[in-house]
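Visitor: Below you'll find entry_23.pdb; it's PDB, C-alpha atoms.
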```
ATOM      1  CA  MET A 264      10.897 -15.374  -2.753
ATOM      2  CA  LYS A 265      13.441 -12.710  -1.837
ATOM      3  CA  LYS A 266      11.736 -10.067  -3.954
ATOM      4  CA  ASN A 267       8.425 -10.750  -2.182
ATOM      5  CA  TYR A 268      10.096 -10.292   1.200
ATOM      6  CA  PHE A 269      11.573  -6.922   0.254
ATOM      7  CA  LEU A 270       8.388  -5.815  -1.468
ATOM      8  CA  ASP A 271       6.352  -6.682   1.629
ATOM      9  CA  TRP A 272       8.721  -4.610   3.774
ATOM     10  CA  LEU A 273       8.503  -1.716   1.325
ATOM     11  CA  LEU A 274       4.704  -1.869   1.442
ATOM     12  CA  PHE A 275       4.716  -2.024   5.238
ATOM     13  CA  LEU A 276       7.007   1.004   5.534
ATOM     14  CA  CYS A 277       4.972   2.992   2.998
ATOM     15  CA  ILE A 278       1.720   2.184   4.797
ATOM     16  CA  LEU A 279       3.275   3.117   8.135
ATOM     17  CA  ALA A 280       4.619   6.425   6.770
ATOM     18  CA  CYS A 281       1.258   7.297   5.185
ATOM     19  CA  LEU A 282      -0.648   6.348   8.321
ATOM     20  CA  VAL A 283       1.549   8.261  10.770
ATOM     21  CA  THR A 284       1.868  11.403   8.638
ATOM     22  CA  GLY A 285      -1.846  11.297   7.838
ATOM     23  CA  ILE A 286      -2.768  11.182  11.514
ATOM     24  CA  LEU A 287      -0.297  13.952  12.377
ATOM     25  CA  LEU A 288      -1.618  16.168   9.595
ATOM     26  CA  ASP A 289      -5.302  15.438  10.162
ATOM     27  CA  PHE A 290      -5.250  16.077  13.888
ATOM     28  CA  HIS A 291      -2.972  19.133  13.562
ATOM     29  CA  LEU A 292      -0.316  17.610  15.812
ATOM     30  CA  ILE A 293       2.579  19.325  14.023
ATOM     31  CA  PRO A 294       3.601  22.751  15.320
ATOM     32  CA  GLY A 295       4.951  25.459  13.066
ATOM     33  CA  GLY A 296       1.998  26.243  10.856
ATOM     34  CA  ARG A 297       2.124  25.709   7.123
ATOM     35  CA  GLU A 298       5.941  25.634   7.024
ATOM     36  CA  GLY A 299       6.105  22.997   9.754
ATOM     37  CA  ARG A 300       3.638  20.732   7.966
ATOM     38  CA  ALA A 301       5.281  20.924   4.515
ATOM     39  CA  PRO A 302       7.844  18.125   5.054
ATOM     40  CA  PHE A 303       5.152  15.853   6.486
ATOM     41  CA  ARG A 304       2.887  16.528   3.503
ATOM     42  CA  ASN A 305       5.725  15.604   1.174
ATOM     43  CA  ILE A 306       6.445  12.392   3.076
ATOM     44  CA  HIS A 307       2.736  11.571   3.035
ATOM     45  CA  ARG A 308       2.398  12.279  -0.691
ATOM     46  CA  TYR A 309       5.511  10.463  -1.909
ATOM     47  CA  SER A 310       5.104   7.448   0.356
ATOM     48  CA  GLY A 311       1.596   7.148  -1.114
ATOM     49  CA  TYR A 312       3.004   7.256  -4.657
ATOM     50  CA  LEU A 313       5.639   4.661  -3.767
ATOM     51  CA  MET A 314       2.978   2.487  -2.138
ATOM     52  CA  ALA A 315       0.844   2.604  -5.302
ATOM     53  CA  VAL A 316       3.808   1.472  -7.413
ATOM     54  CA  ALA A 317       4.632  -1.298  -4.919
ATOM     55  CA  ILE A 318       1.020  -2.524  -4.926
ATOM     56  CA  LEU A 319       1.069  -2.621  -8.728
ATOM     57  CA  LEU A 320       4.298  -4.660  -8.664
ATOM     58  CA  HIS A 321       2.816  -6.947  -6.025
ATOM     59  CA  LEU A 322      -0.263  -7.594  -8.168
ATOM     60  CA  LEU A 323       1.839  -8.172 -11.291
ATOM     61  CA  TRP A 324       4.171 -10.610  -9.534
ATOM     62  CA  HIS A 325       1.205 -12.553  -8.145
ATOM     63  CA  ARG A 326      -1.056 -12.442 -11.228
ATOM     64  CA  ALA A 327      -0.780 -16.204 -11.824
ATOM     65  CA  TRP A 328      -1.863 -16.971  -8.268
ATOM     66  CA  ILE A 329      -4.686 -14.401  -8.488
ATOM     67  CA  ALA A 330      -5.937 -15.890 -11.760
ATOM     68  CA  MET A 331      -5.747 -19.471 -10.452
ATOM     69  CA  THR A 332      -7.553 -18.590  -7.216
ATOM     70  CA  THR A 333     -10.238 -16.613  -9.053
ATOM     71  CA  ARG A 334     -10.883 -19.551 -11.406
ATOM     72  CA  TYR A 335     -11.056 -21.918  -8.434
ATOM     73  CA  ILE A 336     -13.519 -19.733  -6.524
ATOM     74  CA  PHE A 337     -15.859 -19.193  -9.462
ATOM     75  CA  LYS A 338     -15.611 -22.827 -10.589
ATOM     76  CA  SER A 339     -16.552 -24.006  -7.102
ATOM     77  CA  LYS A 340     -19.550 -21.642  -6.958
ATOM     78  CA  ASN A 341     -20.827 -22.785 -10.354
ATOM     79  CA  GLU A 342     -20.585 -26.477  -9.368
ATOM     80  CA  ASP A 343     -22.581 -25.861  -6.173
ATOM     81  CA  ASP A 344     -25.528 -24.328  -8.082
TER      82      ASP A 344
END
```
Could you show the structure in this file as structure tokens?
Guide:
Amino acid sequence: MKKNYFLDWLLFLCILACLVTGILLDFHLIPGGREGRAPFRNIHRYSGYLMAVAILLHLLWHRAWIAMTTRYIFKSKNEDD
């Protein structure tokens, strides 16, 4: 339970960092030219990498629930036909 809480916060912070830096970079809202944008590109890049790892962990930790729910959904659809 505790690991899910911290993982959810990590995912939220990574998504927020990617979103904010992506908007700033895309709309050219950062002054200073190429040198001014470099730290934001790094934050954007590495928060994306960290988010990918966190999503993988999230899926691995919930694989039993995913499998059970998938079986339930497809079993229910087959019975209705």
Visitor: Find the distance between atom CA of A:Asn267 and atom CA of A:Trp324 and write it in Å to one decimal.
Guide: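 If I compute the distance from atom CA of A:Asn267 to atom CA of A:Trp324, I get 8.5 Å.
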Visitor: Choose the residue, out of A:Ile293, A:Leu287, A:Ala301, A:Ala317, that has the smallest atom-to-atom separation from A:Asp271; count only C-alpha atoms.
Guide: A:Ala317
Visitor: If we count all atoms listed in the file and set the cut-off at 7 Å, which residues sit around A:Met314, ignoring sequence neighbours fewer than 3 positions away in its own chain? Please answer as a PyMOL selection string.
Guide: chain A and resi 274+277+310-311+317-318
Visitor: Given the file above and the PyMOL selection byres ((chain A and resi 305-307) around 12), which residues are selected, and can you give them as a PyMOL selection string?
Guide: chain A and resi 276-289+298-304+308-314
Visitor: For the atom pair atom CA of A:His321 and atom CA of A:Leu270, what is the interatomic distance in Å to one decimal place?
Guide: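 Going from atom CA of A:His321 over to atom CA of A:Leu270 covers 7.3 Å.
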Visitor: When you draw a straight line from atom CA of A:Phe269 to atom CA of A:Arg334, how long is it in Å?
Guide: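 Atom-to-atom, atom CA of A:Phe269 and atom CA of A:Arg334 are spaced 28.3 Å apart.
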